[in-house]
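Report on one structure; see the data block that follows.
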Amino acid sequence: MERDAVQQKIDEMQQEIEEQRALLEEKAREIAELKKLFNDSGEAAGQAFRGPHEHGKDSLEEVYEIVSGLEKYTTEEVLFYAAQILSELMDTKDVAIYTVANRDYARLCSATSQEARRLGNSIKYTAMGEIYDTLKNGRIYMNMSMAEEFPLMASAVYDHEEIRVFLMFWGIPSERMTQREIKRLTVIEMLLQNAILRASRYMATFRRQRYMEGTNVLNEEAFTILVNAFLEAKEKGLTECALVEVDMGYESYDDVSTQVACNIRQTDYMGLMKGEKLYILLANTDLKNAEVVQERLRKLGYESTLKEDVA
């Protein structure tokens, strides 16, 4: 029996070694791709960071240091602050991040300005013509005609061969619409893609792993973390959201949530805070639209209150 235990331990250690080796090989491939970008055609792609214009950072090391700043954020916060980092690195105040909801639509996760929100809270990306065709073929889109209805640049983060996240950029001057800018964004995206992809996967499964048993209501710990992430991002201008406390009267939260669920969007969250009080977190919702939701609740027989924080 002891011999079997020792063998099992050896097998586990060998498996861990293999996993670490695979991880190192993946990192080596990433480094090789970056080096190729920086030495392509005999011209250091690092010039993408050191062109005649003064925008952006002047070395890969400095760019990597800024990207590494994402590590200080929780997984719930990454997609908000990735927009802020992209804004800094691409030297534009107008960046939006959309996450894919299904095979046709993507929903706005974060934006650094009102201009960056111009496509709205939801986009049918499969109907975006040249943008979608370019991105699904693994290339970066550049709006050479400077058409106002489209972003000036767009990129995508993939999960295997499927697009998981869209990165949209406005506010880039015409003189910067060059191949050098494409190289720049390619490098930045490579440095950010793992963190963005992990956060996207995490948020896609966030709900079902943290629901109160038998309900569509998030437990207090998970919901409080999520609300704080949204409210802090809102304070920094990276998202819009509203927090609504529902007056349940003498009903239980599972009964109320069943009634409410049909009157909010799939992107909104219900959860408990402050000792089984029911709240709704309305994502990408301004005050006017929050009041529309409150009116729907009123018609169901539930009064509600808008909250500025969780204190």
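Ordered as shown in the structure tokens, chains take letters A, B, and onward, while each chain numbers its residues from 1 and ligands are numbered from 1 in the order shown.
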Mind checking which residues fall within 6 Å of stretch 112-123 of chain A, counting only C-alpha atoms, ignoring those fewer than 5 positions away in the same chain, and posting them as a tab-separated table (two decimals) with N, CA and C atoms, in the first residue's frame?
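Writing the result to out-v8.tsv gives the following:
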chain	number	residue	atom	x	y	z
A	94	ASP	N	-10.00	57.19	-26.52
A	94	ASP	CA	-11.26	56.55	-26.93
A	94	ASP	C	-11.06	55.07	-27.24
A	95	VAL	N	-11.28	54.23	-26.24
A	95	VAL	CA	-11.11	52.78	-26.38
A	95	VAL	C	-12.33	52.08	-25.80
A	96	ALA	N	-12.80	51.05	-26.50
A	96	ALA	CA	-13.91	50.24	-26.00
A	96	ALA	C	-13.57	48.77	-26.07
A	105	TYR	N	-23.73	38.46	-31.44
A	105	TYR	CA	-23.69	39.71	-30.70
A	105	TYR	C	-22.55	39.75	-29.67
A	106	ALA	N	-22.04	40.96	-29.48
A	106	ALA	CA	-21.07	41.23	-28.42
A	106	ALA	C	-21.58	42.41	-27.61
A	107	ARG	N	-21.27	42.42	-26.32
A	107	ARG	CA	-21.79	43.47	-25.44
A	107	ARG	C	-20.64	44.31	-24.89
A	238	LEU	N	-14.91	54.23	-16.60
A	238	LEU	CA	-14.66	53.09	-17.48
A	238	LEU	C	-15.91	52.28	-17.79
*Can you list, as a VMD selection string, every residue of stretch 13-208 of chain A that DSSP puts in strand (DSSP E)?*
chain A and resid 94 to 100 105 to 111 122 to 124 141 to 142 153 to 159 162 to 170
Could you write out that same residue set with N, CA and C atoms as a short mmCIF file (atom, residue, chain, number, x, y, z; two decimals), in the first residue's frame?
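Here's the written file selection.cif:
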data_model
loop_
_atom_site.label_atom_id
_atom_site.label_comp_id
_atom_site.auth_asym_id
_atom_site.auth_seq_id
_atom_site.Cartn_x
_atom_site.Cartn_y
_atom_site.Cartn_z
N ASP A 94 -10.00 57.19 -26.52
CA ASP A 94 -11.26 56.55 -26.93
C ASP A 94 -11.06 55.07 -27.24
N VAL A 95 -11.28 54.23 -26.24
CA VAL A 95 -11.11 52.78 -26.38
C VAL A 95 -12.33 52.08 -25.80
N ALA A 96 -12.80 51.05 -26.50
CA ALA A 96 -13.91 50.24 -26.00
C ALA A 96 -13.57 48.77 -26.07
N ILE A 97 -14.04 48.01 -25.10
CA ILE A 97 -13.87 46.56 -25.09
C ILE A 97 -15.25 45.91 -25.09
N TYR A 98 -15.48 45.04 -26.08
CA TYR A 98 -16.73 44.29 -26.17
C TYR A 98 -16.43 42.81 -25.96
N THR A 99 -17.28 42.12 -25.22
CA THR A 99 -17.13 40.68 -25.03
C THR A 99 -18.24 39.95 -25.78
N VAL A 100 -17.89 38.85 -26.42
CA VAL A 100 -18.85 38.11 -27.23
C VAL A 100 -19.89 37.44 -26.33
N TYR A 105 -23.73 38.46 -31.44
CA TYR A 105 -23.69 39.71 -30.70
C TYR A 105 -22.55 39.75 -29.67
N ALA A 106 -22.04 40.96 -29.48
CA ALA A 106 -21.07 41.23 -28.42
C ALA A 106 -21.58 42.41 -27.61
N ARG A 107 -21.27 42.42 -26.32
CA ARG A 107 -21.79 43.47 -25.44
C ARG A 107 -20.64 44.31 -24.89
N LEU A 108 -20.91 45.60 -24.75
CA LEU A 108 -19.91 46.53 -24.24
C LEU A 108 -19.56 46.17 -22.81
N CYS A 109 -18.29 46.04 -22.54
CA CYS A 109 -17.82 45.75 -21.19
C CYS A 109 -17.27 47.02 -20.55
N SER A 110 -16.40 47.74 -21.28
CA SER A 110 -15.81 48.96 -20.73
C SER A 110 -15.47 49.91 -21.86
N ALA A 111 -15.41 51.20 -21.52
CA ALA A 111 -15.07 52.24 -22.50
C ALA A 111 -14.44 53.40 -21.76
N SER A 122 -24.52 47.13 -27.40
CA SER A 122 -24.54 45.81 -28.03
C SER A 122 -24.28 45.97 -29.53
N ILE A 123 -23.45 45.11 -30.08
CA ILE A 123 -23.16 45.16 -31.51
C ILE A 123 -23.40 43.79 -32.13
N LYS A 124 -23.98 43.79 -33.33
CA LYS A 124 -24.08 42.55 -34.10
C LYS A 124 -22.83 42.47 -34.94
N TYR A 141 -7.91 45.45 -38.04
CA TYR A 141 -8.66 46.32 -38.94
C TYR A 141 -8.19 47.76 -38.80
N MET A 142 -8.00 48.42 -39.94
CA MET A 142 -7.66 49.84 -39.95
C MET A 142 -8.62 50.56 -40.90
N MET A 153 -9.49 51.82 -35.58
CA MET A 153 -8.77 50.55 -35.55
C MET A 153 -9.56 49.57 -34.70
N ALA A 154 -9.39 48.29 -35.00
CA ALA A 154 -10.05 47.26 -34.20
C ALA A 154 -9.18 46.01 -34.21
N SER A 155 -9.23 45.30 -33.10
CA SER A 155 -8.48 44.06 -32.96
C SER A 155 -9.35 43.07 -32.21
N ALA A 156 -8.93 41.81 -32.19
CA ALA A 156 -9.72 40.78 -31.51
C ALA A 156 -8.81 39.86 -30.73
N VAL A 157 -9.34 39.36 -29.62
CA VAL A 157 -8.66 38.34 -28.81
C VAL A 157 -9.42 37.04 -29.03
N TYR A 158 -8.69 35.99 -29.32
CA TYR A 158 -9.30 34.72 -29.70
C TYR A 158 -9.17 33.68 -28.59
N ASP A 159 -10.18 32.81 -28.52
CA ASP A 159 -10.12 31.61 -27.69
C ASP A 159 -10.05 30.45 -28.68
N GLU A 162 -11.92 31.04 -32.14
CA GLU A 162 -13.14 31.83 -32.01
C GLU A 162 -12.83 33.18 -31.36
N ILE A 163 -13.44 34.24 -31.89
CA ILE A 163 -13.27 35.56 -31.28
C ILE A 163 -13.99 35.60 -29.95
N ARG A 164 -13.28 36.04 -28.92
CA ARG A 164 -13.87 36.15 -27.58
C ARG A 164 -14.09 37.62 -27.19
N VAL A 165 -13.17 38.49 -27.59
CA VAL A 165 -13.20 39.90 -27.18
C VAL A 165 -12.83 40.79 -28.37
N PHE A 166 -13.55 41.92 -28.50
CA PHE A 166 -13.23 42.93 -29.51
C PHE A 166 -12.63 44.15 -28.82
N LEU A 167 -11.56 44.69 -29.41
CA LEU A 167 -10.93 45.91 -28.93
C LEU A 167 -11.14 46.98 -30.00
N MET A 168 -11.78 48.10 -29.64
CA MET A 168 -12.12 49.14 -30.61
C MET A 168 -11.42 50.45 -30.23
N PHE A 169 -10.91 51.16 -31.25
CA PHE A 169 -10.15 52.39 -31.02
C PHE A 169 -10.65 53.52 -31.92
N TRP A 170 -10.87 54.68 -31.31
CA TRP A 170 -11.17 55.91 -32.03
C TRP A 170 -10.09 56.94 -31.67
#
*Calculate how many Å separate atom CA of A:Gly171 from atom CA of A:Lys93, rounding to one decimal.*
6.8 Å
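Residues surrounding stretch 187-189 of chain A within 9 Å are Leu34, Leu37, Phe38, Leu60, Val63, Tyr64, Val67, Leu86, Leu89, Met90, Ser155, Ala156, Val157, Ile182, Lys183, Arg184, Leu185, Leu191, Leu192 and Gln193 of chain A [only C-alpha atoms; sequence separation below 2 positions excluded].
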Selection to disk with N, CA, C and O atoms, as a short mmCIF file (atom, residue, chain, number, x, y, z; two decimals), in the first residue's frame:
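result-v6.cif written:
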data_model
loop_
_atom_site.label_atom_id
_atom_site.label_comp_id
_atom_site.auth_asym_id
_atom_site.auth_seq_id
_atom_site.Cartn_x
_atom_site.Cartn_y
_atom_site.Cartn_z
N LEU A 34 7.28 37.71 -30.49
CA LEU A 34 7.59 39.11 -30.23
C LEU A 34 8.91 39.51 -30.88
O LEU A 34 9.02 40.58 -31.48
N LEU A 37 8.43 40.03 -34.54
CA LEU A 37 7.81 41.32 -34.82
C LEU A 37 8.83 42.45 -34.73
O LEU A 37 8.80 43.40 -35.51
N PHE A 38 9.75 42.32 -33.77
CA PHE A 38 10.72 43.39 -33.55
C PHE A 38 11.93 43.31 -34.49
O PHE A 38 12.78 44.17 -34.48
N LEU A 60 9.91 48.51 -25.62
CA LEU A 60 9.10 47.35 -25.29
C LEU A 60 9.08 47.13 -23.78
O LEU A 60 8.05 46.75 -23.21
N VAL A 63 6.55 49.39 -22.27
CA VAL A 63 5.21 48.90 -22.59
C VAL A 63 4.87 47.70 -21.72
O VAL A 63 3.78 47.61 -21.16
N TYR A 64 5.82 46.78 -21.59
CA TYR A 64 5.59 45.58 -20.79
C TYR A 64 5.32 45.94 -19.32
O TYR A 64 4.49 45.34 -18.66
N VAL A 67 1.73 47.11 -19.12
CA VAL A 67 0.84 45.95 -19.24
C VAL A 67 0.82 45.13 -17.96
O VAL A 67 -0.23 44.65 -17.52
N LEU A 86 -4.95 50.11 -22.59
CA LEU A 86 -4.92 50.24 -24.05
C LEU A 86 -4.97 51.70 -24.47
O LEU A 86 -4.30 52.11 -25.42
N LEU A 89 -1.42 53.09 -23.89
CA LEU A 89 -0.40 52.57 -24.80
C LEU A 89 -0.63 52.97 -26.25
O LEU A 89 0.32 53.16 -27.01
N MET A 90 -1.89 53.10 -26.66
CA MET A 90 -2.19 53.50 -28.03
C MET A 90 -2.38 55.00 -28.16
O MET A 90 -2.70 55.51 -29.23
N SER A 155 -9.23 45.30 -33.10
CA SER A 155 -8.48 44.06 -32.96
C SER A 155 -9.35 43.07 -32.21
O SER A 155 -10.40 43.43 -31.68
N ALA A 156 -8.93 41.81 -32.19
CA ALA A 156 -9.72 40.78 -31.51
C ALA A 156 -8.81 39.86 -30.73
O ALA A 156 -7.67 39.61 -31.10
N VAL A 157 -9.34 39.36 -29.62
CA VAL A 157 -8.66 38.34 -28.81
C VAL A 157 -9.42 37.04 -29.03
O VAL A 157 -10.65 37.00 -28.93
N ILE A 182 -0.14 49.35 -36.83
CA ILE A 182 -0.63 47.97 -36.78
C ILE A 182 0.36 47.08 -36.03
O ILE A 182 -0.03 46.26 -35.20
N LYS A 183 1.65 47.25 -36.31
CA LYS A 183 2.66 46.48 -35.58
C LYS A 183 2.61 46.79 -34.09
O LYS A 183 2.72 45.90 -33.24
N ARG A 184 2.43 48.04 -33.79
CA ARG A 184 2.37 48.46 -32.38
C ARG A 184 1.21 47.77 -31.66
O ARG A 184 1.39 47.17 -30.60
N LEU A 185 0.03 47.82 -32.27
CA LEU A 185 -1.13 47.20 -31.64
C LEU A 185 -0.97 45.69 -31.57
O LEU A 185 -1.40 45.06 -30.60
N LEU A 191 0.78 41.03 -25.64
CA LEU A 191 1.13 41.13 -24.23
C LEU A 191 -0.10 41.10 -23.33
O LEU A 191 -0.02 40.67 -22.18
N LEU A 192 -1.23 41.55 -23.85
CA LEU A 192 -2.45 41.64 -23.04
C LEU A 192 -3.37 40.44 -23.18
O LEU A 192 -4.23 40.22 -22.32
N GLN A 193 -3.22 39.68 -24.25
CA GLN A 193 -4.27 38.72 -24.60
C GLN A 193 -4.52 37.65 -23.53
O GLN A 193 -5.68 37.28 -23.30
#
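You can rank A:Ala199, A:Ile225, A:Val246, A:Val293 by their closest distance to A:Thr75 using only C-alpha atoms, and at the top of that list sits A:Ala199.
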*Record the distance separating atom CA of A:Met144 and atom CA of A:Met177, expressed in Å with one decimal.*
7.0 Å
_Expected answer as a PyMOL selection string: helix (DSSP H, G or I) residues in stretch 151-301 of chain A_ = chain A and resi 174-176+179-204+220-235+253-261+287-300
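Proximity to A:Lys234 was assessed for A:Asn102, A:Asn216, A:Thr285, A:Ser257 counting only C-alpha atoms; the smallest distance is recorded for A:Thr285.
Considering the residues A:Arg298, A:Lys307, A:His160, A:Arg139 and counting only C-alpha atoms, A:Val260 has its shortest atom-to-atom contact with A:Arg298.
In terms of minimum interatomic distance to A:Glu220, A:Lys277 ranks closest within A:Arg176, A:Lys299, A:Arg265, A:Lys277, counting only C-alpha atoms.
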*Using only C-alpha atoms, which of A:Thr224, A:Thr267, A:Thr305, A:Asn219 sits nearest A:Glu291?*
A:Thr305
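With distances restricted to only C-alpha atoms, A:Gly138 is the closest residue to A:Thr186 from A:Met270, A:Ile280, A:Gly138, A:Leu79.
The list of residues with at least one atom within 12 Å of A:Glu235, based on only C-alpha atoms and without residues fewer than 5 positions apart in the same chain, reads Phe80, Thr112, Asn228, Ala229, Phe230, Glu240, Cys241, Ala242, Glu308 and Asp309 of chain A.
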Grab the residues selected above and save them as a compact mmCIF listing (two decimals), in the first residue's frame with C-alpha atoms.
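What follows is the written file again30.txt:
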# COMPACT_ATOMS: atom_id res chain seq x y z
CA PHE A 80 -12.30 47.46 -17.10
CA THR A 112 -12.75 55.13 -21.74
CA ASN A 228 -17.41 47.04 -5.86
CA ALA A 229 -15.56 46.31 -9.11
CA PHE A 230 -18.31 47.91 -11.18
CA GLU A 240 -21.81 52.86 -16.63
CA CYS A 241 -23.89 50.94 -14.12
CA ALA A 242 -26.64 51.32 -11.56
CA GLU A 308 -24.72 55.10 -4.92
CA ASP A 309 -22.52 52.62 -3.04
